[in-house]
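Q: Structure file protein.cif (mmCIF, C-alpha atoms) is given on the next line.
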```
data_run
#
loop_
_atom_site.group_PDB
_atom_site.id
_atom_site.type_symbol
_atom_site.label_atom_id
_atom_site.label_comp_id
_atom_site.auth_asym_id
_atom_site.auth_seq_id
_atom_site.Cartn_x
_atom_site.Cartn_y
_atom_site.Cartn_z
ATOM 1 C CA MET A 245 -115.559 -238.336 -231.148
ATOM 2 C CA ALA A 246 -111.941 -237.375 -230.446
ATOM 3 C CA ASP A 247 -109.381 -239.915 -229.286
ATOM 4 C CA ARG A 248 -107.225 -238.920 -226.310
ATOM 5 C CA SER A 249 -104.710 -241.648 -227.068
ATOM 6 C CA ALA A 250 -102.070 -241.779 -229.783
ATOM 7 C CA GLY A 251 -104.081 -244.209 -231.898
ATOM 8 C CA THR A 252 -106.594 -243.222 -234.567
ATOM 9 C CA GLU A 253 -109.044 -246.133 -234.537
ATOM 10 C CA MET A 254 -112.610 -244.967 -234.072
ATOM 11 C CA PRO A 255 -115.507 -246.926 -232.526
ATOM 12 C CA SER A 256 -118.106 -248.239 -234.925
ATOM 13 C CA GLY A 257 -120.986 -245.926 -235.715
ATOM 14 C CA ASN A 258 -123.607 -248.155 -234.127
ATOM 15 C CA GLU A 259 -122.006 -248.145 -230.666
ATOM 16 C CA ARG A 260 -123.963 -246.161 -228.103
ATOM 17 C CA PRO A 261 -122.769 -244.886 -224.715
ATOM 18 C CA GLY A 262 -123.560 -247.198 -221.845
ATOM 19 C CA ASP A 263 -123.854 -246.618 -218.157
ATOM 20 C CA ASN A 264 -121.510 -247.968 -215.531
ATOM 21 C CA ARG A 265 -121.186 -247.832 -211.766
ATOM 22 C CA TYR A 266 -120.402 -244.112 -211.669
ATOM 23 C CA GLY A 267 -122.604 -243.006 -214.568
ATOM 24 C CA PHE A 268 -119.770 -242.447 -217.048
ATOM 25 C CA LYS A 269 -120.594 -242.684 -220.719
ATOM 26 C CA ARG A 270 -118.949 -245.561 -222.522
ATOM 27 C CA SER A 271 -116.732 -243.042 -224.287
ATOM 28 C CA GLU A 272 -115.503 -241.788 -220.922
ATOM 29 C CA GLU A 273 -114.683 -245.328 -219.829
ATOM 30 C CA GLU A 274 -112.546 -245.798 -222.934
ATOM 31 C CA GLU A 275 -110.961 -242.334 -222.854
ATOM 32 C CA TRP A 276 -112.893 -241.099 -225.855
ATOM 33 C CA LEU A 277 -114.386 -237.631 -225.746
ATOM 34 C CA LEU A 278 -117.817 -236.814 -227.201
ATOM 35 C CA VAL A 279 -117.555 -233.527 -229.078
ATOM 36 C CA HIS A 280 -120.752 -233.623 -231.139
ATOM 37 C CA ASP A 281 -123.691 -235.859 -230.260
ATOM 38 C CA SER A 282 -125.203 -236.259 -233.706
ATOM 39 C CA ALA A 283 -125.378 -238.919 -236.391
ATOM 40 C CA VAL A 284 -126.141 -236.325 -239.068
ATOM 41 C CA THR A 285 -123.409 -235.702 -241.631
ATOM 42 C CA ASN A 286 -122.519 -232.073 -242.290
ATOM 43 C CA THR A 287 -123.413 -231.455 -245.955
ATOM 44 C CA ASN A 288 -122.695 -227.719 -246.041
ATOM 45 C CA PRO A 289 -119.813 -227.074 -248.473
ATOM 46 C CA ASN A 290 -116.643 -225.568 -247.007
ATOM 47 C CA SER A 291 -118.102 -225.541 -243.473
ATOM 48 C CA MET A 292 -116.516 -226.974 -240.382
ATOM 49 C CA VAL A 293 -116.899 -227.122 -236.614
ATOM 50 C CA THR A 294 -113.834 -226.067 -234.629
ATOM 51 C CA VAL A 295 -113.420 -227.935 -231.365
ATOM 52 C CA THR A 296 -110.769 -227.227 -228.719
ATOM 53 C CA ILE A 297 -110.075 -230.195 -226.442
ATOM 54 C CA ASN A 298 -107.917 -230.100 -223.329
ATOM 55 C CA THR A 299 -106.450 -233.594 -223.012
ATOM 56 C CA ALA A 300 -104.000 -232.767 -220.209
ATOM 57 C CA ARG A 301 -104.113 -235.189 -217.316
ATOM 58 C CA ILE A 302 -105.495 -233.950 -214.016
ATOM 59 C CA CYS A 303 -102.921 -236.110 -212.269
ATOM 60 C CA THR A 304 -99.824 -237.044 -214.202
ATOM 61 C CA ASN A 305 -99.571 -240.376 -212.392
ATOM 62 C CA MET A 306 -102.885 -241.698 -213.712
ATOM 63 C CA SER A 307 -105.174 -241.368 -216.712
ATOM 64 C CA ASN A 308 -108.184 -239.084 -216.467
ATOM 65 C CA VAL A 309 -110.477 -242.120 -216.520
ATOM 66 C CA GLU A 310 -108.574 -243.606 -213.581
ATOM 67 C CA PHE A 311 -108.803 -240.248 -211.821
ATOM 68 C CA LYS A 312 -112.575 -240.069 -212.364
ATOM 69 C CA ARG A 313 -113.070 -243.533 -210.940
ATOM 70 C CA LEU A 314 -110.902 -242.685 -207.945
ATOM 71 C CA VAL A 315 -112.647 -239.425 -207.045
ATOM 72 C CA MET A 316 -116.062 -241.064 -207.322
ATOM 73 C CA ARG A 317 -114.869 -243.834 -205.025
ATOM 74 C CA LEU A 318 -113.562 -241.215 -202.604
ATOM 75 C CA ARG A 319 -116.911 -239.433 -202.791
ATOM 76 C CA ASP A 320 -118.851 -242.613 -202.042
ATOM 77 C CA THR A 321 -116.595 -243.468 -199.115
ATOM 78 C CA ALA A 322 -116.922 -239.956 -197.710
ATOM 79 C CA VAL A 323 -120.714 -240.140 -197.936
ATOM 80 C CA LEU A 324 -120.728 -243.381 -195.937
ATOM 81 C CA LEU A 325 -118.548 -241.822 -193.230
ATOM 82 C CA ILE A 326 -120.731 -238.713 -193.088
ATOM 83 C CA ARG A 327 -123.815 -240.879 -192.672
ATOM 84 C CA GLU A 328 -122.079 -242.593 -189.773
ATOM 85 C CA ARG A 329 -121.305 -239.234 -188.162
ATOM 86 C CA ILE A 330 -124.920 -238.129 -188.622
ATOM 87 C CA SER A 331 -125.992 -241.201 -186.667
ATOM 88 C CA ASP A 332 -123.310 -240.509 -184.069
ATOM 89 C CA VAL A 333 -124.522 -236.944 -183.550
ATOM 90 C CA SER A 334 -128.094 -238.175 -183.286
ATOM 91 C CA ARG A 335 -127.071 -240.515 -180.445
ATOM 92 C CA TRP A 336 -124.514 -238.098 -178.968
ATOM 93 C CA ASP A 337 -123.068 -240.872 -176.852
ATOM 94 C CA SER A 338 -119.818 -240.746 -174.911
ATOM 95 C CA ALA A 339 -117.645 -241.861 -177.851
ATOM 96 C CA THR A 340 -119.108 -239.183 -180.109
ATOM 97 C CA ARG A 341 -118.678 -236.475 -177.488
ATOM 98 C CA ILE A 342 -115.041 -237.500 -177.051
ATOM 99 C CA ARG A 343 -114.534 -237.352 -180.816
ATOM 100 C CA ALA A 344 -116.128 -233.900 -180.935
ATOM 101 C CA LYS A 345 -114.055 -232.689 -178.002
ATOM 102 C CA THR A 346 -110.894 -233.963 -179.699
ATOM 103 C CA TRP A 347 -111.336 -231.943 -182.882
ATOM 104 C CA PHE A 348 -113.496 -229.024 -181.804
ATOM 105 C CA GLY A 349 -112.449 -228.534 -178.173
ATOM 106 C CA ARG A 350 -116.076 -228.756 -177.077
ATOM 107 C CA ALA A 351 -119.017 -231.130 -177.034
ATOM 108 C CA ASP A 352 -121.873 -228.864 -175.997
ATOM 109 C CA ASP A 353 -125.405 -228.627 -177.328
ATOM 110 C CA ALA A 354 -124.535 -225.696 -179.580
ATOM 111 C CA LEU A 355 -121.876 -227.736 -181.390
ATOM 112 C CA ARG A 356 -124.202 -230.707 -181.625
ATOM 113 C CA GLU A 357 -126.805 -228.498 -183.291
ATOM 114 C CA LYS A 358 -124.246 -227.138 -185.791
ATOM 115 C CA LEU A 359 -123.196 -230.680 -186.708
ATOM 116 C CA ALA A 360 -126.791 -231.892 -186.890
ATOM 117 C CA ILE A 361 -127.543 -229.149 -189.415
ATOM 118 C CA GLY A 362 -124.276 -229.167 -191.345
ATOM 119 C CA LEU A 363 -123.572 -232.874 -191.802
ATOM 120 C CA PRO A 364 -126.739 -233.733 -193.780
ATOM 121 C CA LYS A 365 -126.074 -230.715 -196.015
ATOM 122 C CA LEU A 366 -122.511 -231.894 -196.508
ATOM 123 C CA GLN A 367 -123.735 -235.370 -197.385
ATOM 124 C CA SER A 368 -126.118 -233.942 -199.961
ATOM 125 C CA SER A 369 -123.428 -231.766 -201.537
ATOM 126 C CA MET A 370 -121.049 -234.692 -201.867
ATOM 127 C CA GLU A 371 -123.740 -236.842 -203.428
ATOM 128 C CA GLN A 372 -124.095 -234.097 -206.037
ATOM 129 C CA LEU A 373 -120.401 -234.230 -206.993
ATOM 130 C CA ARG A 374 -119.773 -235.330 -210.559
ATOM 131 C CA ALA A 375 -116.439 -236.413 -211.961
ATOM 132 C CA GLU A 376 -116.563 -233.890 -214.809
ATOM 133 C CA LYS A 377 -116.720 -231.045 -212.278
ATOM 134 C CA ILE A 378 -113.553 -232.096 -210.481
ATOM 135 C CA ILE A 379 -111.059 -230.408 -212.746
ATOM 136 C CA ARG A 380 -107.446 -229.371 -213.166
ATOM 137 C CA TRP A 381 -106.698 -226.141 -211.329
ATOM 138 C CA ASP A 382 -105.798 -224.353 -214.570
ATOM 139 C CA GLN A 383 -109.134 -225.246 -216.198
ATOM 140 C CA GLN A 384 -111.139 -222.968 -213.912
ATOM 141 C CA THR A 385 -111.142 -220.101 -216.418
ATOM 142 C CA ASN A 386 -113.242 -222.215 -218.787
ATOM 143 C CA GLN A 387 -116.005 -222.912 -216.252
ATOM 144 C CA GLY A 388 -117.484 -219.440 -215.790
ATOM 145 C CA LEU A 389 -116.446 -219.268 -212.140
ATOM 146 C CA THR A 390 -116.400 -215.881 -210.434
ATOM 147 C CA CYS A 391 -113.279 -216.388 -208.290
ATOM 148 C CA ALA A 392 -109.731 -215.550 -209.265
ATOM 149 C CA ILE A 393 -107.580 -218.642 -209.736
ATOM 150 C CA VAL A 394 -105.342 -219.506 -206.801
ATOM 151 C CA VAL A 395 -101.855 -219.852 -208.273
ATOM 152 C CA ASP A 396 -100.206 -223.224 -207.751
ATOM 153 C CA ALA A 397 -97.647 -222.721 -204.990
ATOM 154 C CA GLY A 398 -96.731 -226.389 -204.818
ATOM 155 C CA THR A 399 -98.530 -227.158 -201.550
ATOM 156 C CA THR A 400 -102.167 -226.538 -202.442
ATOM 157 C CA ASP A 401 -104.251 -229.703 -202.725
ATOM 158 C CA ALA A 402 -107.537 -228.346 -204.061
ATOM 159 C CA ALA A 403 -109.805 -225.308 -204.073
ATOM 160 C CA VAL A 404 -113.434 -224.311 -204.519
ATOM 161 C CA CYS A 405 -115.070 -221.016 -205.446
ATOM 162 C CA LYS A 406 -117.448 -220.187 -202.588
ATOM 163 C CA PRO A 407 -119.716 -217.794 -204.545
ATOM 164 C CA ASP A 408 -120.264 -220.609 -207.047
ATOM 165 C CA SER A 409 -120.830 -223.319 -204.455
ATOM 166 C CA HIS A 410 -124.026 -224.424 -206.183
ATOM 167 C CA LYS A 411 -122.032 -225.438 -209.264
ATOM 168 C CA ARG A 412 -120.144 -228.052 -207.205
ATOM 169 C CA PHE A 413 -116.742 -227.591 -208.845
ATOM 170 C CA ILE A 414 -113.495 -228.654 -207.182
ATOM 171 C CA ALA A 415 -110.168 -227.584 -208.672
ATOM 172 C CA ILE A 416 -107.388 -230.131 -208.239
ATOM 173 C CA TYR A 417 -103.744 -229.102 -207.874
ATOM 174 C CA PRO A 418 -100.680 -231.304 -208.517
ATOM 175 C CA HIS A 419 -99.970 -231.751 -204.796
ATOM 176 C CA PHE A 420 -103.309 -233.540 -204.395
ATOM 177 C CA CYS A 421 -102.041 -236.238 -206.753
ATOM 178 C CA THR A 422 -99.092 -236.998 -204.449
ATOM 179 C CA LEU A 423 -101.295 -237.728 -201.427
ATOM 180 C CA PRO A 424 -102.217 -241.284 -200.450
ATOM 181 C CA ASP A 425 -105.795 -242.136 -201.369
ATOM 182 C CA VAL A 426 -106.719 -242.993 -197.787
ATOM 183 C CA TYR A 427 -104.413 -242.241 -194.865
ATOM 184 C CA VAL A 428 -106.778 -242.117 -191.948
ATOM 185 C CA SER A 429 -104.326 -240.721 -189.392
ATOM 186 C CA GLY A 430 -102.968 -237.990 -191.690
ATOM 187 C CA ASN A 431 -103.559 -236.023 -194.853
ATOM 188 C CA CYS A 432 -104.967 -237.888 -197.840
ATOM 189 C CA LYS A 433 -107.180 -237.481 -200.888
ATOM 190 C CA LEU A 434 -110.256 -238.618 -198.956
ATOM 191 C CA LYS A 435 -109.918 -235.880 -196.347
ATOM 192 C CA ALA A 436 -109.001 -233.304 -199.006
ATOM 193 C CA VAL A 437 -112.249 -233.901 -200.906
ATOM 194 C CA ILE A 438 -114.277 -233.689 -197.692
ATOM 195 C CA HIS A 439 -112.358 -230.547 -196.709
ATOM 196 C CA GLU A 440 -113.259 -228.786 -199.959
ATOM 197 C CA CYS A 441 -116.943 -229.671 -199.756
ATOM 198 C CA THR A 442 -117.180 -228.210 -196.245
ATOM 199 C CA HIS A 443 -116.270 -224.849 -197.841
ATOM 200 C CA TYR A 444 -119.496 -224.737 -199.847
ATOM 201 C CA VAL A 445 -121.665 -221.978 -198.445
ATOM 202 C CA ASP A 446 -124.688 -224.270 -198.238
ATOM 203 C CA THR A 447 -122.872 -226.876 -196.122
ATOM 204 C CA PHE A 448 -120.597 -225.598 -193.332
ATOM 205 C CA ASN A 449 -119.288 -222.496 -195.136
ATOM 206 C CA SER A 450 -116.006 -223.445 -193.467
ATOM 207 C CA VAL A 451 -112.778 -221.461 -193.446
ATOM 208 C CA ASP A 452 -109.094 -222.359 -193.336
ATOM 209 C CA THR A 453 -108.088 -220.860 -190.025
ATOM 210 C CA ILE A 454 -105.430 -223.535 -189.610
ATOM 211 C CA TYR A 455 -104.313 -226.599 -191.532
ATOM 212 C CA GLY A 456 -103.477 -229.958 -190.008
ATOM 213 C CA PHE A 457 -104.558 -233.571 -189.618
ATOM 214 C CA GLY A 458 -103.100 -234.871 -186.374
ATOM 215 C CA ASP A 459 -102.261 -234.092 -182.776
ATOM 216 C CA ALA A 460 -101.265 -230.503 -183.493
ATOM 217 C CA LEU A 461 -104.675 -229.753 -184.991
ATOM 218 C CA ALA A 462 -106.404 -231.440 -182.061
ATOM 219 C CA ARG A 463 -104.396 -229.354 -179.583
ATOM 220 C CA TRP A 464 -105.307 -226.203 -181.472
ATOM 221 C CA GLY A 465 -108.974 -227.201 -181.266
ATOM 222 C CA GLN A 466 -108.723 -227.388 -177.481
ATOM 223 C CA SER A 467 -107.422 -223.827 -177.374
ATOM 224 C CA ALA A 468 -109.788 -222.365 -179.982
ATOM 225 C CA PRO A 469 -113.197 -224.037 -179.651
ATOM 226 C CA ASP A 470 -115.007 -220.996 -181.045
ATOM 227 C CA LEU A 471 -112.987 -221.294 -184.268
ATOM 228 C CA ALA A 472 -112.482 -225.037 -184.635
ATOM 229 C CA TRP A 473 -116.117 -225.904 -185.330
ATOM 230 C CA CYS A 474 -115.894 -223.994 -188.638
ATOM 231 C CA ASN A 475 -112.336 -224.972 -189.583
ATOM 232 C CA ALA A 476 -112.332 -227.186 -192.692
ATOM 233 C CA ASP A 477 -109.594 -229.584 -191.573
ATOM 234 C CA SER A 478 -111.187 -229.964 -188.139
ATOM 235 C CA ILE A 479 -114.484 -230.977 -189.730
ATOM 236 C CA ALA A 480 -112.719 -233.357 -192.125
ATOM 237 C CA CYS A 481 -110.927 -235.016 -189.206
ATOM 238 C CA PHE A 482 -114.107 -235.308 -187.170
ATOM 239 C CA ILE A 483 -115.553 -237.228 -190.107
ATOM 240 C CA ALA A 484 -112.641 -239.268 -191.425
ATOM 241 C CA HIS A 485 -109.784 -239.449 -188.885
ATOM 242 C CA PHE A 486 -108.939 -242.797 -187.321
ATOM 243 C CA ASP A 487 -105.989 -243.466 -185.069
ATOM 244 C CA ASN A 488 -105.164 -246.668 -186.933
ATOM 245 C CA ILE A 489 -106.011 -248.083 -190.330
ATOM 246 C CA GLU A 490 -107.526 -251.241 -188.853
ATOM 247 C CA ASP A 491 -110.444 -249.281 -187.362
ATOM 248 C CA PHE A 492 -111.156 -247.905 -190.809
ATOM 249 C CA GLN A 493 -110.615 -251.127 -192.750
ATOM 250 C CA LYS A 494 -113.012 -253.146 -190.615
ATOM 251 C CA LYS A 495 -115.829 -250.930 -191.867
ATOM 252 C CA GLY A 496 -115.387 -252.493 -195.298
ATOM 253 C CA ILE A 497 -116.026 -249.266 -197.168
ATOM 254 C CA TRP A 498 -112.749 -248.989 -199.097
#
```
Here is the file; what I need is its structure written in the form of structure tokens.
A:
Amino acid sequence: MADRSAGTEMPSGNERPGDNRYGFKRSEEEEWLLVHDSAVTNTNPNSMVTVTINTARICTNMSNVEFKRLVMRLRDTAVLLIRERISDVSRWDSATRIRAKTWFGRADDALREKLAIGLPKLQSSMEQLRAEKIIRWDQQTNQGLTCAIVVDAGTTDAAVCKPDSHKRFIAIYPHFCTLPDVYVSGNCKLKAVIHECTHYVDTFNSVDTIYGFGDALARWGQSAPDLAWCNADSIACFIAHFDNIEDFQKKGIW
């Protein structure tokens, strides 16, 4: 084990990792890092195992354990909202058609079919997200990803590598850490995580034609219905936008 904190106290040898709500090992809960899962002492003279550990925080305003708990909570909340939208599309009632028209500029059968196919795939992909695969943007080179790293320009929230969609990695940039966790009428961490998962080629294979989270994005959707259905922010808003926080809070999912 390697301690991420300044202290040097080690857990007793008979402690074993335990499970918790999000499946973290006990060591992950306590900010310890498992580097060699063995109780066997190395008896080879003059031998050693060299281990390189990146202990940098993903977000400077919280510990990595706090970050892991937060992103798993965001994931679970997103899944619940996606399930709700799946039910909405199945009913395709007036409220759902209005919501679709708001963000996609259309509410026809073709759009309904795209949503009926894409939303369950999106739900599945988000259920597959694991905290250890939501990483700092500058850790992508260590993950065997095929995409070039997008340089941090100060405004990027997150990124995924489309050719490696099946690996379910999300790279987190510093700007993501400045967003509110849930801001249902604007940009927030919840929508950013949904946004990135819509990029996976086996969900919506979405693109970033335009960015936005409010009236301006909705107006663009009215003028570009053939583009909006595949725009990542438009899909994220269809799923997780609410005009006021009370409508979101009464769902009791956060």
Q: Quick check, in Å to one decimal: how far apart do CA of Ile454 (chain A) and CA of Ile414 (chain A) lie?
A: 20.0 Å
Q: Extract, using all atoms listed in the file, all DNA, RNA and protein residues at most 9 Å from Gln383 (chain A), discarding same-chain residues fewer than 3 positions from it, and format them as a list of chain:residue names.
A: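 After dropping sequence-adjacent residues, the list is A:Asn298, A:Ile379, A:Arg380, A:Asn386, A:Gln387, A:Ala415.
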Q: What's the separation between CA of Ala476 (chain A) and CA of Glu440 (chain A), in Å to one decimal place?
A: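 It comes out at 7.5 Å.
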Q: Find, counting all atoms listed in the file, the residue in A:Val404, A:Leu318, A:Val437, A:Cys481 that gets nearest to Gly456 (chain A).
A: A:Cys481
Q: Considering all atoms listed in the file, return as a ChimeraX atom specification whatever protein or nucleic-acid residues lie within 10 Å of Trp464 (chain A), sequence-local ones (same chain, fewer than 6 positions apart) excluded.
A: /A:346-349,454,456,471-472,478
Q: Name the residues that the PyMOL selection byres ((chain A and resi 429-432) around 7) pulls out of this structure, and write them as a ChimeraX atom specification.
A: /A:423-428,433-436,457-458,485-488
Q: Excluding Asp470 (chain A) and residues on its chain fewer than 3 positions from it, collect all residues at most 10 Å away from it, counting all atoms listed in the file, and give them as a ChimeraX atom specification.
A: /A:348-350,355,465-467,473-475
Q: Can I get the selection written as a PDB file, keeping the file's coordinate frame, with C-alpha atoms?
A:
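Below you can see selection.pdb, which holds the result:
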```pdb
ATOM      1  CA  PHE A 348    -113.496-229.024-181.804  1.00  0.00           C
ATOM      2  CA  GLY A 349    -112.449-228.534-178.173  1.00  0.00           C
ATOM      3  CA  ARG A 350    -116.076-228.756-177.077  1.00  0.00           C
ATOM      4  CA  LEU A 355    -121.876-227.736-181.390  1.00  0.00           C
ATOM      5  CA  GLY A 465    -108.974-227.201-181.266  1.00  0.00           C
ATOM      6  CA  GLN A 466    -108.723-227.388-177.481  1.00  0.00           C
ATOM      7  CA  SER A 467    -107.422-223.827-177.374  1.00  0.00           C
ATOM      8  CA  TRP A 473    -116.117-225.904-185.330  1.00  0.00           C
ATOM      9  CA  CYS A 474    -115.894-223.994-188.638  1.00  0.00           C
ATOM     10  CA  ASN A 475    -112.336-224.972-189.583  1.00  0.00           C
TER      11      ASN A 475
END
```
Q: Could you tell me how far CA of Ile393 (chain A) sits from CA of Tyr455 (chain A), in Å to one decimal place?
A: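 Answer for the CA of Tyr455 (chain A) to CA of Ile393 (chain A) separation: 20.1 Å.
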Q: Tell me which residues the PyMOL selection byres ((chain A and resi 311) around 12) grabs here, as a ChimeraX atom specification.
A: /A:272-273,275,301-310,312-318,375-376,378-380,416,420-421,425,433
Q: What lies within 12 Å of Gln372 (chain A) using only C-alpha atoms, ignoring chain neighbours under 6 positions off, as a VMD selection string?
A: chain A and resid 316 319 to 320 323 365 to 366 378 409 to 414 441
Q: Keeping C-alpha atoms for every residue in the selection just given, could you write it to a file as an mmCIF file, in the coordinates of the input?
A:
```cif
data_model
loop_
_atom_site.group_PDB
_atom_site.id
_atom_site.type_symbol
_atom_site.label_atom_id
_atom_site.label_comp_id
_atom_site.auth_asym_id
_atom_site.auth_seq_id
_atom_site.Cartn_x
_atom_site.Cartn_y
_atom_site.Cartn_z
ATOM 1 C CA MET A 316 -116.062 -241.064 -207.322
ATOM 2 C CA ARG A 319 -116.911 -239.433 -202.791
ATOM 3 C CA ASP A 320 -118.851 -242.613 -202.042
ATOM 4 C CA VAL A 323 -120.714 -240.140 -197.936
ATOM 5 C CA LYS A 365 -126.074 -230.715 -196.015
ATOM 6 C CA LEU A 366 -122.511 -231.894 -196.508
ATOM 7 C CA ILE A 378 -113.553 -232.096 -210.481
ATOM 8 C CA SER A 409 -120.830 -223.319 -204.455
ATOM 9 C CA HIS A 410 -124.026 -224.424 -206.183
ATOM 10 C CA LYS A 411 -122.032 -225.438 -209.264
ATOM 11 C CA ARG A 412 -120.144 -228.052 -207.205
ATOM 12 C CA PHE A 413 -116.742 -227.591 -208.845
ATOM 13 C CA ILE A 414 -113.495 -228.654 -207.182
ATOM 14 C CA CYS A 441 -116.943 -229.671 -199.756
#
```
Q: Using only C-alpha atoms, which residues sit within 7 Å of Lys406 (chain A) once same-chain residues fewer than 4 positions away are excluded, as a PyMOL selection string?
A: chain A and resi 443-445
Q: Any chance you could export the current selection's C-alpha atoms as a PDB file, in the coordinates of the input?
A:
```pdb
ATOM      1  CA  HIS A 443    -116.270-224.849-197.841  1.00  0.00           C
ATOM      2  CA  TYR A 444    -119.496-224.737-199.847  1.00  0.00           C
ATOM      3  CA  VAL A 445    -121.665-221.978-198.445  1.00  0.00           C
TER       4      VAL A 445
END
```
Q: Apply the PyMOL selection byres ((chain A and resi 340) around 12) to the structure shown and report the selected residues as a PDB file with C-alpha atoms, in the frame of the given file.
A:
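To be explicit, this is the file written out as part.pdb:
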```pdb
ATOM      1  CA  GLU A 328    -122.079-242.593-189.773  1.00  0.00           C
ATOM      2  CA  ARG A 329    -121.305-239.234-188.162  1.00  0.00           C
ATOM      3  CA  ILE A 330    -124.920-238.129-188.622  1.00  0.00           C
ATOM      4  CA  SER A 331    -125.992-241.201-186.667  1.00  0.00           C
ATOM      5  CA  ASP A 332    -123.310-240.509-184.069  1.00  0.00           C
ATOM      6  CA  VAL A 333    -124.522-236.944-183.550  1.00  0.00           C
ATOM      7  CA  SER A 334    -128.094-238.175-183.286  1.00  0.00           C
ATOM      8  CA  ARG A 335    -127.071-240.515-180.445  1.00  0.00           C
ATOM      9  CA  TRP A 336    -124.514-238.098-178.968  1.00  0.00           C
ATOM     10  CA  ASP A 337    -123.068-240.872-176.852  1.00  0.00           C
ATOM     11  CA  SER A 338    -119.818-240.746-174.911  1.00  0.00           C
ATOM     12  CA  ALA A 339    -117.645-241.861-177.851  1.00  0.00           C
ATOM     13  CA  ARG A 341    -118.678-236.475-177.488  1.00  0.00           C
ATOM     14  CA  ILE A 342    -115.041-237.500-177.051  1.00  0.00           C
ATOM     15  CA  ARG A 343    -114.534-237.352-180.816  1.00  0.00           C
ATOM     16  CA  ALA A 344    -116.128-233.900-180.935  1.00  0.00           C
ATOM     17  CA  LYS A 345    -114.055-232.689-178.002  1.00  0.00           C
ATOM     18  CA  THR A 346    -110.894-233.963-179.699  1.00  0.00           C
ATOM     19  CA  TRP A 347    -111.336-231.943-182.882  1.00  0.00           C
ATOM     20  CA  PHE A 348    -113.496-229.024-181.804  1.00  0.00           C
ATOM     21  CA  ARG A 350    -116.076-228.756-177.077  1.00  0.00           C
ATOM     22  CA  ALA A 351    -119.017-231.130-177.034  1.00  0.00           C
ATOM     23  CA  ASP A 352    -121.873-228.864-175.997  1.00  0.00           C
ATOM     24  CA  LEU A 355    -121.876-227.736-181.390  1.00  0.00           C
ATOM     25  CA  ARG A 356    -124.202-230.707-181.625  1.00  0.00           C
ATOM     26  CA  LEU A 359    -123.196-230.680-186.708  1.00  0.00           C
ATOM     27  CA  PHE A 482    -114.107-235.308-187.170  1.00  0.00           C
ATOM     28  CA  ILE A 483    -115.553-237.228-190.107  1.00  0.00           C
TER      29      ILE A 483
END
```
Q: Missing atoms in region 358-368 of chain A need filling: write out N, CA, C and O atoms for it as a short mmCIF file (atom, residue, chain, number, x, y, z; two decimals), in the coordinates of the input.
A:
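Dumped to result26.cif:
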```cif
data_model
loop_
_atom_site.label_atom_id
_atom_site.label_comp_id
_atom_site.auth_asym_id
_atom_site.auth_seq_id
_atom_site.Cartn_x
_atom_site.Cartn_y
_atom_site.Cartn_z
N LYS A 358 -124.96 -227.51 -184.56
CA LYS A 358 -124.25 -227.14 -185.79
C LYS A 358 -123.95 -228.37 -186.63
O LYS A 358 -124.10 -228.36 -187.86
N LEU A 359 -123.50 -229.45 -185.99
CA LEU A 359 -123.20 -230.68 -186.71
C LEU A 359 -124.46 -231.33 -187.25
O LEU A 359 -124.48 -231.85 -188.37
N ALA A 360 -125.52 -231.29 -186.46
CA ALA A 360 -126.79 -231.89 -186.89
C ALA A 360 -127.36 -231.19 -188.11
O ALA A 360 -128.03 -231.80 -188.95
N ILE A 361 -127.09 -229.91 -188.25
CA ILE A 361 -127.54 -229.15 -189.42
C ILE A 361 -126.57 -229.30 -190.58
O ILE A 361 -126.97 -229.52 -191.73
N GLY A 362 -125.27 -229.20 -190.28
CA GLY A 362 -124.28 -229.17 -191.34
C GLY A 362 -123.99 -230.50 -192.00
O GLY A 362 -123.77 -230.56 -193.23
N LEU A 363 -123.95 -231.59 -191.23
CA LEU A 363 -123.57 -232.87 -191.80
C LEU A 363 -124.53 -233.37 -192.88
O LEU A 363 -124.08 -233.83 -193.94
N PRO A 364 -125.85 -233.31 -192.69
CA PRO A 364 -126.74 -233.73 -193.78
C PRO A 364 -126.57 -232.87 -195.04
O PRO A 364 -126.68 -233.38 -196.16
N LYS A 365 -126.31 -231.58 -194.86
CA LYS A 365 -126.07 -230.72 -196.02
C LYS A 365 -124.78 -231.11 -196.72
O LYS A 365 -124.70 -231.10 -197.96
N LEU A 366 -123.77 -231.45 -195.93
CA LEU A 366 -122.51 -231.89 -196.51
C LEU A 366 -122.70 -233.20 -197.28
O LEU A 366 -122.17 -233.37 -198.38
N GLN A 367 -123.45 -234.11 -196.69
CA GLN A 367 -123.74 -235.37 -197.38
C GLN A 367 -124.40 -235.11 -198.73
O GLN A 367 -124.02 -235.67 -199.76
N SER A 368 -125.39 -234.25 -198.73
CA SER A 368 -126.12 -233.94 -199.96
C SER A 368 -125.19 -233.33 -201.01
O SER A 368 -125.24 -233.70 -202.19
#
```
